[in-house]
$ cat protein-v4.cif   # mmCIF, C-alpha atoms and all ligand atoms
data_my_file
#
loop_
_atom_site.label_atom_id
_atom_site.label_comp_id
_atom_site.auth_asym_id
_atom_site.auth_seq_id
_atom_site.Cartn_x
_atom_site.Cartn_y
_atom_site.Cartn_z
CA MET A 189 -41.37 -221.39 7.47
CA ILE A 190 -37.91 -222.90 7.82
CA SER A 191 -34.98 -221.53 9.85
CA LEU A 192 -31.93 -220.65 7.78
CA LEU A 193 -29.55 -220.50 10.73
CA GLN A 194 -27.83 -223.75 9.68
CA HIS A 195 -27.90 -222.86 5.99
CA HIS A 196 -25.61 -219.81 5.85
CA THR A 197 -22.24 -219.68 7.57
CA PHE A 198 -22.71 -216.14 8.95
CA ALA A 199 -25.63 -217.67 10.90
CA LEU A 200 -27.90 -214.65 11.29
CA PRO A 201 -31.39 -215.62 12.45
CA ALA A 202 -33.61 -215.72 9.34
CA PHE A 203 -36.39 -217.81 7.84
CA ALA A 204 -37.57 -218.76 4.36
CA THR A 205 -40.96 -220.05 3.24
CA SER A 206 -39.51 -223.44 2.25
CA LEU A 207 -36.31 -225.29 1.43
CA ILE A 208 -36.06 -227.88 -1.30
CA ARG A 209 -32.99 -230.08 -1.41
CA ILE A 210 -32.06 -231.23 -4.91
CA GLU A 211 -30.14 -234.52 -5.04
CA GLN A 212 -31.00 -235.49 -8.64
CA ILE A 213 -30.98 -232.80 -11.30
CA ASP A 214 -34.22 -234.11 -12.80
CA GLU A 215 -35.94 -232.83 -9.67
CA LEU A 216 -35.31 -229.30 -10.98
CA LYS A 217 -38.04 -229.92 -13.57
CA GLN A 218 -40.64 -230.25 -10.78
CA ILE A 219 -39.91 -226.85 -9.19
CA ASP A 220 -42.46 -224.05 -9.52
CA TRP A 221 -40.15 -221.33 -10.86
CA ASN A 222 -42.90 -218.72 -10.56
CA THR A 223 -42.40 -218.71 -6.80
CA PRO A 224 -39.46 -216.49 -5.82
CA PHE A 225 -36.34 -218.61 -5.20
CA ILE A 226 -32.72 -218.46 -4.14
CA ILE A 227 -30.17 -221.05 -5.19
CA LEU A 228 -27.94 -222.12 -2.36
CA GLY A 229 -24.99 -224.47 -1.92
CA GLU A 230 -23.52 -224.45 1.58
CA GLY A 231 -24.30 -220.76 2.17
CA SER A 232 -20.70 -219.68 2.73
CA ASN A 233 -20.88 -216.61 0.48
CA THR A 234 -24.54 -215.74 1.07
CA VAL A 235 -25.98 -213.97 4.10
CA PHE A 236 -29.71 -213.82 4.80
CA VAL A 237 -30.25 -210.34 6.22
CA ASP A 238 -34.03 -210.78 6.50
CA ASP A 239 -36.69 -213.49 6.23
CA PHE A 240 -36.79 -214.55 2.59
CA GLN A 241 -40.30 -214.71 1.15
CA GLY A 242 -39.75 -217.64 -1.13
CA GLN A 243 -38.17 -221.05 -1.60
CA ILE A 244 -34.53 -221.97 -1.06
CA ILE A 245 -33.29 -224.44 -3.65
CA GLN A 246 -30.34 -226.25 -2.16
CA ILE A 247 -28.17 -227.99 -4.73
CA ALA A 248 -26.89 -231.25 -3.22
CA ASN A 249 -26.26 -233.59 -6.17
CA LYS A 250 -23.11 -235.70 -5.87
CA GLY A 251 -20.63 -237.44 -8.15
CA ILE A 252 -17.17 -237.12 -9.69
CA SER A 253 -16.08 -238.68 -12.99
CA VAL A 254 -12.59 -238.57 -14.44
CA ASN A 255 -11.47 -239.00 -18.06
CA GLU A 256 -7.88 -239.00 -19.11
CA THR A 257 -6.18 -237.70 -22.25
CA ASP A 258 -2.45 -237.87 -22.99
CA VAL A 259 -1.89 -234.50 -21.39
CA SER A 260 -4.71 -233.90 -18.91
CA TYR A 261 -7.32 -235.18 -16.53
CA ILE A 262 -10.82 -234.02 -17.44
CA ILE A 263 -12.92 -234.09 -14.30
CA GLU A 264 -16.68 -233.57 -14.20
CA VAL A 265 -17.98 -232.79 -10.75
CA SER A 266 -21.56 -232.44 -9.52
CA ALA A 267 -22.42 -229.01 -8.18
CA GLY A 268 -23.36 -230.28 -4.70
CA GLU A 269 -19.92 -231.74 -3.92
CA ASN A 270 -18.01 -229.95 -1.15
CA TRP A 271 -15.19 -227.87 -2.67
CA HIS A 272 -12.43 -228.75 -0.22
CA LYS A 273 -13.23 -232.47 -0.29
CA PHE A 274 -12.94 -232.31 -4.07
CA VAL A 275 -9.55 -230.52 -3.91
CA ASN A 276 -8.33 -233.12 -1.44
CA TYR A 277 -9.58 -235.97 -3.64
CA CYS A 278 -7.67 -234.55 -6.64
CA VAL A 279 -4.39 -234.27 -4.74
CA GLU A 280 -4.83 -237.80 -3.34
CA GLN A 281 -5.44 -239.15 -6.86
CA GLY A 282 -2.33 -237.41 -8.21
CA MET A 283 -4.29 -234.77 -10.18
CA TYR A 284 -2.74 -231.42 -9.43
CA GLY A 285 -3.59 -227.75 -10.00
CA LEU A 286 -6.24 -227.03 -7.37
CA GLU A 287 -4.06 -227.25 -4.24
CA ASN A 288 -3.81 -223.44 -3.87
CA LEU A 289 -7.59 -223.38 -3.54
CA ALA A 290 -7.70 -225.80 -0.60
CA LEU A 291 -9.99 -225.14 2.35
CA ILE A 292 -12.20 -222.61 0.57
CA PRO A 293 -15.65 -223.20 2.05
CA GLY A 294 -18.66 -224.01 -0.11
CA THR A 295 -19.68 -226.26 -2.96
CA VAL A 296 -18.23 -226.98 -6.40
CA GLY A 297 -21.31 -225.41 -8.04
CA ALA A 298 -20.74 -222.13 -6.21
CA ALA A 299 -17.09 -221.91 -7.27
CA PRO A 300 -17.66 -220.54 -10.80
CA VAL A 301 -20.31 -218.05 -9.68
CA GLN A 302 -17.82 -215.85 -7.89
CA ASN A 303 -14.76 -217.31 -9.63
CA ILE A 304 -13.18 -218.28 -6.33
CA GLY A 305 -9.51 -217.50 -5.99
CA ALA A 306 -6.68 -217.66 -3.50
CA TYR A 307 -2.89 -217.70 -3.33
CA GLY A 308 -2.25 -216.91 -6.98
CA VAL A 309 -4.89 -219.18 -8.59
CA GLU A 310 -8.42 -218.48 -9.78
CA VAL A 311 -10.81 -221.32 -10.52
CA LYS A 312 -11.41 -219.95 -14.04
CA ASP A 313 -7.83 -221.06 -14.86
CA VAL A 314 -8.90 -224.72 -14.73
CA ILE A 315 -12.62 -224.67 -15.59
CA THR A 316 -13.44 -225.86 -19.11
CA LYS A 317 -17.25 -226.11 -18.96
CA VAL A 318 -20.15 -225.30 -16.68
CA SER A 319 -23.40 -227.26 -17.10
CA GLY A 320 -26.74 -226.22 -15.73
CA PHE A 321 -30.49 -226.11 -15.95
CA ASP A 322 -32.00 -223.12 -17.74
CA ILE A 323 -35.31 -222.38 -16.06
CA VAL A 324 -36.60 -220.44 -19.06
CA THR A 325 -36.19 -223.30 -21.55
CA GLY A 326 -36.48 -226.10 -18.96
CA ARG A 327 -33.39 -227.72 -20.50
CA GLN A 328 -29.82 -228.57 -19.59
CA GLN A 329 -27.26 -226.24 -21.17
CA VAL A 330 -23.46 -226.26 -21.31
CA LEU A 331 -21.34 -223.10 -21.23
CA THR A 332 -17.69 -222.96 -22.24
CA SER A 333 -15.28 -221.22 -19.91
CA GLU A 334 -15.24 -218.22 -22.26
CA GLU A 335 -19.03 -217.99 -22.20
CA CYS A 336 -18.89 -217.79 -18.40
CA GLU A 337 -17.36 -214.26 -18.68
CA PHE A 338 -15.11 -214.81 -15.69
CA ALA A 339 -13.52 -211.82 -13.98
CA TYR A 340 -12.22 -211.06 -10.47
CA ARG A 341 -14.86 -212.60 -8.15
CA ASP A 342 -17.35 -212.32 -10.98
CA SER A 343 -19.03 -214.25 -13.82
CA ILE A 344 -22.09 -214.28 -16.09
CA PHE A 345 -23.92 -216.18 -13.30
CA LYS A 346 -24.07 -212.96 -11.25
CA HIS A 347 -25.39 -210.96 -14.22
CA THR A 348 -27.18 -212.11 -17.40
CA LEU A 349 -27.83 -215.62 -16.06
CA LEU A 350 -28.72 -214.56 -12.52
CA GLY A 351 -31.95 -216.25 -11.44
CA ARG A 352 -32.12 -218.19 -14.68
CA PHE A 353 -29.29 -220.73 -14.82
CA ILE A 354 -28.81 -223.36 -12.13
CA ILE A 355 -25.34 -224.82 -12.16
CA THR A 356 -25.52 -228.62 -11.91
CA SER A 357 -21.92 -229.64 -12.69
CA VAL A 358 -18.52 -228.17 -13.48
CA GLU A 359 -15.81 -229.62 -15.72
CA PHE A 360 -12.15 -229.05 -14.89
CA GLU A 361 -9.01 -229.75 -16.88
CA LEU A 362 -5.93 -230.47 -14.80
CA LYS A 363 -2.73 -230.82 -16.79
CA LYS A 364 -0.59 -233.88 -16.15
CA GLU A 365 2.51 -231.73 -16.45
CA TRP A 366 2.37 -229.83 -13.19
CA LEU A 367 4.33 -226.89 -11.84
CA PRO A 368 3.55 -225.46 -8.42
CA ASN A 369 2.12 -221.94 -8.39
CA LEU A 370 4.20 -220.21 -5.73
CA SER A 371 3.54 -216.62 -6.84
CA TYR A 372 1.84 -215.66 -3.55
CA GLY A 373 4.47 -214.24 -1.16
CA PRO A 374 4.27 -216.72 1.73
CA LEU A 375 4.41 -219.72 -0.66
CA LYS A 376 7.66 -218.52 -2.25
CA SER A 377 9.79 -220.05 0.49
CA LEU A 378 8.73 -223.62 -0.45
CA GLN A 379 11.59 -225.44 -2.19
CA ALA A 380 10.44 -227.66 -5.08
CA PRO A 381 7.35 -228.72 -3.13
CA THR A 382 4.95 -231.53 -3.94
CA ALA A 383 1.29 -230.63 -4.50
CA GLN A 384 0.54 -232.10 -1.08
CA GLN A 385 3.10 -229.76 0.49
CA VAL A 386 1.60 -226.75 -1.30
CA MET A 387 -1.83 -227.79 -0.08
CA ASP A 388 -0.58 -228.26 3.49
CA GLU A 389 1.00 -224.79 3.44
CA VAL A 390 -2.18 -223.20 2.03
CA ILE A 391 -4.19 -224.91 4.76
CA ALA A 392 -1.73 -223.64 7.40
CA ILE A 393 -1.89 -220.04 6.07
CA ARG A 394 -5.67 -220.06 5.80
CA SER A 395 -6.11 -221.57 9.25
CA SER A 396 -3.86 -218.92 10.79
CA LYS A 397 -5.62 -215.97 9.08
CA LEU A 398 -9.19 -216.97 8.44
CA PRO A 399 -11.57 -217.97 11.22
CA ASP A 400 -13.26 -221.37 10.85
CA PRO A 401 -16.97 -220.65 10.16
CA LYS A 402 -17.95 -223.65 12.30
CA ILE A 403 -16.34 -222.01 15.33
CA GLN A 404 -16.74 -218.29 14.54
CA PRO A 405 -19.56 -217.82 12.01
CA ASN A 406 -18.30 -215.74 9.04
CA SER A 407 -18.46 -215.55 5.25
CA GLY A 408 -14.77 -215.24 4.36
CA SER A 409 -13.65 -212.00 2.71
CA PHE A 410 -16.61 -209.69 3.13
CA PHE A 411 -15.54 -207.03 0.61
CA LYS A 412 -13.89 -207.22 -2.81
CA ASN A 413 -10.40 -205.87 -3.13
CA PRO A 414 -11.11 -202.54 -4.88
CA ILE A 415 -9.74 -201.97 -8.36
CA VAL A 416 -8.87 -198.30 -8.85
CA LEU A 417 -7.30 -196.12 -11.53
CA LYS A 418 -3.49 -196.19 -11.57
CA GLU A 419 -3.35 -192.45 -10.86
CA MET A 420 -5.40 -192.89 -7.72
CA ALA A 421 -3.23 -195.77 -6.49
CA HIS A 422 -0.08 -193.71 -7.10
CA ALA A 423 -1.53 -190.73 -5.23
CA LEU A 424 -2.29 -193.01 -2.26
CA LEU A 425 1.16 -194.59 -2.46
CA SER A 426 2.78 -191.18 -2.12
CA THR A 427 1.07 -190.83 1.29
CA TYR A 428 1.17 -194.55 2.22
CA PRO A 429 4.26 -196.05 0.54
CA GLU A 430 3.79 -199.33 2.41
CA MET A 431 0.26 -199.88 0.96
CA PRO A 432 -0.01 -203.28 -0.81
CA THR A 433 -0.95 -203.04 -4.52
CA TYR A 434 -1.44 -205.62 -7.26
CA PRO A 435 -1.21 -204.79 -10.98
CA VAL A 436 -4.42 -205.50 -12.92
CA SER A 437 -3.99 -203.77 -16.31
CA ASN A 438 -2.25 -200.80 -17.89
CA THR A 439 -4.81 -198.49 -16.38
CA HIS A 440 -5.90 -200.15 -13.12
CA ILE A 441 -4.41 -201.39 -9.85
CA LYS A 442 -5.98 -203.57 -7.17
CA LEU A 443 -5.73 -202.52 -3.52
CA ALA A 444 -6.03 -204.74 -0.43
CA ALA A 445 -9.36 -204.06 1.26
CA GLY A 446 -8.10 -205.77 4.45
CA TRP A 447 -5.19 -203.33 4.66
CA LEU A 448 -7.48 -200.32 4.08
CA ILE A 449 -9.89 -201.49 6.80
CA GLU A 450 -7.04 -202.15 9.23
CA GLN A 451 -5.54 -198.70 8.54
CA ALA A 452 -8.96 -197.16 9.17
CA ASN A 453 -8.44 -198.53 12.68
CA LEU A 454 -11.27 -201.02 12.50
CA LYS A 455 -9.63 -204.31 13.49
CA GLY A 456 -11.63 -205.69 16.41
CA TYR A 457 -14.31 -203.00 15.96
CA LYS A 458 -17.76 -204.21 17.09
CA ILE A 459 -21.31 -203.25 16.30
CA GLY A 460 -23.77 -205.36 18.30
CA GLY A 461 -22.79 -208.98 17.66
CA VAL A 462 -20.70 -208.30 14.54
CA GLU A 463 -16.96 -207.85 14.80
CA VAL A 464 -14.12 -207.05 12.39
CA SER A 465 -11.70 -209.98 12.73
CA GLU A 466 -8.52 -209.21 14.66
CA LYS A 467 -6.58 -211.57 12.38
CA GLN A 468 -7.83 -210.43 8.96
CA ALA A 469 -9.74 -207.17 8.75
CA LEU A 470 -11.48 -208.25 5.54
CA VAL A 471 -13.42 -210.86 7.49
CA LEU A 472 -16.48 -209.98 9.57
CA ILE A 473 -17.42 -212.38 12.35
CA ASN A 474 -20.73 -213.08 14.00
CA SER A 475 -19.15 -213.16 17.45
CA ASP A 476 -22.14 -212.61 19.68
CA ASP A 477 -25.57 -213.59 18.34
CA ALA A 478 -25.55 -210.85 15.72
CA VAL A 479 -28.78 -209.70 14.11
CA ASN A 480 -29.26 -208.26 10.65
CA LYS A 481 -29.17 -204.61 11.68
CA ASP A 482 -25.73 -205.12 13.31
CA LEU A 483 -24.35 -206.44 10.03
CA LEU A 484 -25.97 -203.78 7.84
CA ALA A 485 -24.69 -201.02 10.18
CA MET A 486 -21.19 -202.57 10.11
CA ILE A 487 -21.08 -202.70 6.31
CA THR A 488 -22.03 -199.02 6.06
CA HIS A 489 -19.63 -198.04 8.84
CA ILE A 490 -16.67 -199.73 7.13
CA GLN A 491 -17.57 -198.31 3.72
CA LYS A 492 -17.79 -194.79 5.16
CA ALA A 493 -14.59 -195.05 7.20
CA VAL A 494 -12.53 -196.34 4.24
CA LEU A 495 -14.03 -193.72 1.95
CA ALA A 496 -13.31 -190.93 4.43
CA LYS A 497 -9.68 -191.97 4.93
CA PHE A 498 -8.69 -193.13 1.44
CA GLY A 499 -11.44 -191.95 -0.93
CA VAL A 500 -11.93 -195.61 -1.96
CA ALA A 501 -15.38 -197.21 -2.29
CA LEU A 502 -15.67 -200.79 -1.01
CA GLU A 503 -18.18 -203.17 -2.54
CA HIS A 504 -19.29 -206.16 -0.51
CA GLU A 505 -18.37 -209.44 -2.11
CA VAL A 506 -20.72 -211.52 0.01
CA ARG A 507 -24.24 -211.76 -1.44
CA LEU A 508 -26.96 -210.40 0.79
CA ILE A 509 -30.49 -211.79 0.59
CA ALA A 510 -33.40 -209.76 1.96
CA LYS A 511 -37.20 -210.33 1.92
CA SER A 512 -37.66 -210.33 -1.83
CA GLY A 513 -34.23 -211.44 -3.01
CA GLU A 514 -30.68 -210.22 -3.46
CA THR A 515 -29.88 -206.75 -2.19
CA LYS A 516 -26.83 -204.49 -2.10
CA VAL A 517 -25.51 -202.04 0.42
CA GLU A 518 -24.17 -199.44 -1.98
CA ALA A 519 -20.82 -197.91 -1.17
CA PRO A 520 -21.29 -194.18 -0.54
CA THR A 521 -19.84 -192.18 -3.42
CA CYS A 522 -18.60 -189.15 -1.54
CA HIS A 523 -17.65 -188.67 2.10
CA LYS A 524 -19.82 -185.87 3.35
N1 LIG B 1 -3.72 -206.99 5.15
C1 LIG B 1 -3.55 -206.15 6.22
N2 LIG B 1 -4.44 -206.25 7.24
C2 LIG B 1 -5.45 -207.13 7.25
C3 LIG B 1 -5.65 -207.97 6.14
C4 LIG B 1 -4.76 -207.88 5.09
O1 LIG B 1 -2.64 -205.34 6.28
O2 LIG B 1 -6.19 -207.15 8.24
C5 LIG B 1 -2.75 -206.92 4.05
C6 LIG B 1 -1.87 -208.17 4.03
O3 LIG B 1 -0.76 -208.03 4.85
C7 LIG B 1 -1.48 -208.24 2.56
C8 LIG B 1 -2.72 -207.70 1.85
O4 LIG B 1 -3.44 -206.93 2.81
O5 LIG B 1 -0.42 -207.40 2.28
C9 LIG B 1 -3.61 -208.79 1.28
O6 LIG B 1 -4.02 -209.67 2.33
P1 LIG B 1 -4.16 -211.26 2.11
O7 LIG B 1 -2.98 -211.79 1.40
O8 LIG B 1 -4.54 -211.84 3.41
O9 LIG B 1 -5.34 -211.43 1.08
P2 LIG B 1 -6.67 -210.57 0.81
O10 LIG B 1 -6.45 -209.70 -0.36
O11 LIG B 1 -7.13 -209.94 2.07
C10 LIG B 1 -7.64 -212.26 -0.94
C11 LIG B 1 -8.92 -212.99 -1.15
C12 LIG B 1 -9.01 -214.19 -0.22
C13 LIG B 1 -7.83 -215.09 -0.48
C14 LIG B 1 -6.53 -214.29 -0.26
C15 LIG B 1 -5.27 -215.06 -0.59
C16 LIG B 1 -10.54 -211.35 -1.94
C17 LIG B 1 -11.75 -210.53 -1.61
N3 LIG B 1 -10.05 -212.11 -0.95
O12 LIG B 1 -7.68 -211.73 0.40
O13 LIG B 1 -10.22 -214.89 -0.54
O14 LIG B 1 -7.84 -216.21 0.37
O15 LIG B 1 -6.54 -213.11 -1.12
O16 LIG B 1 -5.11 -215.17 -1.96
O17 LIG B 1 -10.05 -211.29 -3.06
C18 LIG B 1 -12.53 -214.96 0.02
O18 LIG B 1 -12.76 -214.54 -1.12
O19 LIG B 1 -13.47 -215.23 0.83
C19 LIG B 1 -11.15 -215.14 0.45
C20 LIG B 1 -10.83 -215.48 1.69
#
$ encode --input "protein-v4.cif" --output "structure tokens"
Amino acid sequence: MISLLQHHTFALPAFATSLIRIEQIDELKQIDWNTPFIILGEGSNTVFVDDFQGQIIQIANKGISVNETDVSYIIEVSAGENWHKFVNYCVEQGMYGLENLALIPGTVGAAPVQNIGAYGVEVKDVITKVSGFDIVTGRQQVLTSEECEFAYRDSIFKHTLLGRFIITSVEFELKKEWLPNLSYGPLKSLQAPTAQQVMDEVIAIRSSKLPDPKIQPNSGSFFKNPIVLKEMAHALLSTYPEMPTYPVSNTHIKLAAGWLIEQANLKGYKIGGVEVSEKQALVLINSDDAVNKDLLAMITHIQKAVLAKFGVALEHEVRLIAKSGETKVEAPTCHK
């Protein structure tokens, strides 16, 4: 048995049968895929809520290669590279487009799985290909961005290819002609910034709102921002005109889960060792040697409170791993 405490940033006490660190992708051919497994990068979006009865496959291959065309940089990055280090490298090398995604924890290989996004940019905007190992065929396979079926915090890797496709590298295209993306409110005040200045501002905003997992164990945004029917959003707006909303389509509107949780009076709320962050209500913190039942009780408590006050179901964005694999705490559907 191996302790997983150091292998997921929420740092609940949990064990797995074994952990295999993959530094060369050929090593994937030696794995016994009949034993239950979980693929892990740096564990910043995965929480082990029980001892996992199986092997943890930690993807730790390294390498970045850059090709240039007249208009773009085409960058192939190994899945095990740290995301923020990669963003920093790009800005240093004069390759721009990822600066809004600075300081997101985790690995490059994890980025497409949940289509990471922040401050007006989603990683799908710059991904051209995702390569990986298909455990069914035992071969390397390449998916185009379209084949990845990217959506808000979602992709094919959470659905059809879950437990089958192991991402080994990601290809990005960064255009040489660069314009800063300042669509997110607090970035709007920057005047003709350089990419470095955008990155510095993103780092400053993130550091002020989001607790550093090394100091206060957490997994970033715990819930997805809920996407609801327009009619429902408008009904809520008539009661709460100050409620933040983001257009999604002609029929749907996205709400801010952090705002809903704060309005349900849960900032700073504690169950055992788990606390709702005072700075950003969408973030749960392991503030005092939390155990799994604290976290599970907190998820249900938040879901029920938000449902009771707003009639909105929250889905956790963080992936929870129990004894036999991934599990979900379903949002209650009615508030009885
Ligand atoms: N808000 C509150 N109270 C709170 C938190 C937020 O009123 O406690 C309000 C804010 O004032 C704002 C709105 O809710 O009007 C949205 O908040 P914020 O801009 O902080 O972003 P978010 O929707 O809470 C999302 C992503 C973050 C990403 C930020 C910035 C999700 C689940 N989360 O958070 O991503 O950094 O936008 O773009 O989509 C992550 O996925 O782990 C993550 C941190």
$ atom_distance --input "protein-v4.cif" --atom1 "CA of Ala199 (chain A)" --atom2 "atom O18 of ligand LIG 1 (chain B)"
17.9 Å
$ closest_atom_pairs --input "protein-v4.cif" --of "chain A" --to "ligand LIG 1 (chain B)" --cutoff "6 Å" --atoms "all atoms listed in the file" --output "JSON lines"
{"residue": "A:Ala306", "atom": "CA", "partner": "B:LIG1", "partner_atom": "O16", "distance": 3.3}
{"residue": "A:Tyr307", "atom": "CA", "partner": "B:LIG1", "partner_atom": "O16", "distance": 3.6}
{"residue": "A:Gly408", "atom": "CA", "partner": "B:LIG1", "partner_atom": "O19", "distance": 3.8}
{"residue": "A:Ser409", "atom": "CA", "partner": "B:LIG1", "partner_atom": "O19", "distance": 3.7}
{"residue": "A:Phe411", "atom": "CA", "partner": "B:LIG1", "partner_atom": "C17", "distance": 5.6}
{"residue": "A:Lys412", "atom": "CA", "partner": "B:LIG1", "partner_atom": "C17", "distance": 4.1}
{"residue": "A:Asn413", "atom": "CA", "partner": "B:LIG1", "partner_atom": "C17", "distance": 5.1}
{"residue": "A:Pro432", "atom": "CA", "partner": "B:LIG1", "partner_atom": "O5", "distance": 5.2}
{"residue": "A:Ala444", "atom": "CA", "partner": "B:LIG1", "partner_atom": "O4", "distance": 4.7}
{"residue": "A:Gly446", "atom": "CA", "partner": "B:LIG1", "partner_atom": "C3", "distance": 3.7}
{"residue": "A:Trp447", "atom": "CA", "partner": "B:LIG1", "partner_atom": "C1", "distance": 3.6}
{"residue": "A:Glu450", "atom": "CA", "partner": "B:LIG1", "partner_atom": "O2", "distance": 5.2}
{"residue": "A:Gln468", "atom": "CA", "partner": "B:LIG1", "partner_atom": "O2", "distance": 3.7}
{"residue": "A:Ala469", "atom": "CA", "partner": "B:LIG1", "partner_atom": "O2", "distance": 3.6}
{"residue": "A:Leu470", "atom": "CA", "partner": "B:LIG1", "partner_atom": "O11", "distance": 5.8}
$ atom_distance --input "protein-v4.cif" --atom1 "CA of Ser512 (chain A)" --atom2 "CA of Ala298 (chain A)"
21.1 Å
$ residues_near_point --input "protein-v4.cif" --point "(-25.0, -226.2, -13.4)" --cutoff "6 Å" --atoms "all atoms listed in the file" --output "list in words"
Val318, Ser319, Gly320, Ile354, Ile355, Thr356 and Ser357 of chain A
$ atom_distance --input "protein-v4.cif" --atom1 "CA of Asn303 (chain A)" --atom2 "CA of Leu289 (chain A)"
11.2 Å
$ closest_residue --input "protein-v4.cif" --among "A:Lys217, A:Ile459, A:Ser371, A:Leu286" --to "Gln384 (chain A)" --atoms "only C-alpha atoms"
A:Leu286
$ closest_residue --input "protein-v4.cif" --among "A:Leu331, A:Val500, A:Leu192, A:Val265" --to "Phe236 (chain A)" --atoms "all atoms listed in the file"
A:Leu192
$ residues_around --input "protein-v4.cif" --residues "Glu256 (chain A)" --least-positions-apart "4" --cutoff "12 Å" --atoms "all atoms listed in the file" --output "VMD selection string"
chain A and resid 260 to 264 283 360 to 364
$ residues_around --input "protein-v4.cif" --residues "Gly499 (chain A)" --least-positions-apart "6" --cutoff "12 Å" --atoms "all atoms listed in the file" --output "PDB file with C-alpha atoms, keeping the file's coordinate frame"
ATOM      1  CA  PRO A 414     -11.110-202.540  -4.880  1.00  0.00           C
ATOM      2  CA  VAL A 416      -8.870-198.300  -8.850  1.00  0.00           C
ATOM      3  CA  MET A 420      -5.400-192.890  -7.720  1.00  0.00           C
ATOM      4  CA  ALA A 421      -3.230-195.770  -6.490  1.00  0.00           C
ATOM      5  CA  ALA A 423      -1.530-190.730  -5.230  1.00  0.00           C
ATOM      6  CA  LEU A 424      -2.290-193.010  -2.260  1.00  0.00           C
ATOM      7  CA  LEU A 448      -7.480-200.320   4.080  1.00  0.00           C
ATOM      8  CA  ALA A 452      -8.960-197.160   9.170  1.00  0.00           C
ATOM      9  CA  GLN A 491     -17.570-198.310   3.720  1.00  0.00           C
ATOM     10  CA  LYS A 492     -17.790-194.790   5.160  1.00  0.00           C
ATOM     11  CA  ALA A 493     -14.590-195.050   7.200  1.00  0.00           C
ATOM     12  CA  ALA A 519     -20.820-197.910  -1.170  1.00  0.00           C
ATOM     13  CA  PRO A 520     -21.290-194.180  -0.540  1.00  0.00           C
ATOM     14  CA  THR A 521     -19.840-192.180  -3.420  1.00  0.00           C
ATOM     15  CA  CYS A 522     -18.600-189.150  -1.540  1.00  0.00           C
ATOM     16  CA  HIS A 523     -17.650-188.670   2.100  1.00  0.00           C
ATOM     17  CA  LYS A 524     -19.820-185.870   3.350  1.00  0.00           C
TER      18      LYS A 524
END
$ residues_around --input "protein-v4.cif" --residues "region 506-509 of chain A" --least-positions-apart "2" --cutoff "6 Å" --atoms "all atoms listed in the file" --output "list in words"
Asn233, Thr234, Val235, Phe236, Val237, Phe410, His504, Gly513, Glu514 and Thr515 of chain A
$ closest_residue --input "protein-v4.cif" --among "A:Val309, A:Val259, A:Ala496, A:Val324" --to "Asn222 (chain A)" --atoms "only C-alpha atoms"
A:Val324
$ residues_near_point --input "protein-v4.cif" --point "(-24.2, -223.7, 10.1)" --cutoff "12 Å" --atoms "all atoms listed in the file" --output "PDB file with C-alpha atoms, in the coordinates of the input"
ATOM      1  CA  SER A 191     -34.980-221.530   9.850  1.00  0.00           C
ATOM      2  CA  LEU A 192     -31.930-220.650   7.780  1.00  0.00           C
ATOM      3  CA  LEU A 193     -29.550-220.500  10.730  1.00  0.00           C
ATOM      4  CA  GLN A 194     -27.830-223.750   9.680  1.00  0.00           C
ATOM      5  CA  HIS A 195     -27.900-222.860   5.990  1.00  0.00           C
ATOM      6  CA  HIS A 196     -25.610-219.810   5.850  1.00  0.00           C
ATOM      7  CA  THR A 197     -22.240-219.680   7.570  1.00  0.00           C
ATOM      8  CA  PHE A 198     -22.710-216.140   8.950  1.00  0.00           C
ATOM      9  CA  ALA A 199     -25.630-217.670  10.900  1.00  0.00           C
ATOM     10  CA  LEU A 200     -27.900-214.650  11.290  1.00  0.00           C
ATOM     11  CA  PRO A 201     -31.390-215.620  12.450  1.00  0.00           C
ATOM     12  CA  GLU A 230     -23.520-224.450   1.580  1.00  0.00           C
ATOM     13  CA  GLY A 231     -24.300-220.760   2.170  1.00  0.00           C
ATOM     14  CA  SER A 232     -20.700-219.680   2.730  1.00  0.00           C
ATOM     15  CA  VAL A 235     -25.980-213.970   4.100  1.00  0.00           C
ATOM     16  CA  PRO A 293     -15.650-223.200   2.050  1.00  0.00           C
ATOM     17  CA  GLY A 294     -18.660-224.010  -0.110  1.00  0.00           C
ATOM     18  CA  ASP A 400     -13.260-221.370  10.850  1.00  0.00           C
ATOM     19  CA  PRO A 401     -16.970-220.650  10.160  1.00  0.00           C
ATOM     20  CA  LYS A 402     -17.950-223.650  12.300  1.00  0.00           C
ATOM     21  CA  ILE A 403     -16.340-222.010  15.330  1.00  0.00           C
ATOM     22  CA  GLN A 404     -16.740-218.290  14.540  1.00  0.00           C
ATOM     23  CA  PRO A 405     -19.560-217.820  12.010  1.00  0.00           C
ATOM     24  CA  ASN A 406     -18.300-215.740   9.040  1.00  0.00           C
ATOM     25  CA  SER A 407     -18.460-215.550   5.250  1.00  0.00           C
ATOM     26  CA  ASN A 474     -20.730-213.080  14.000  1.00  0.00           C
TER      27      ASN A 474
END
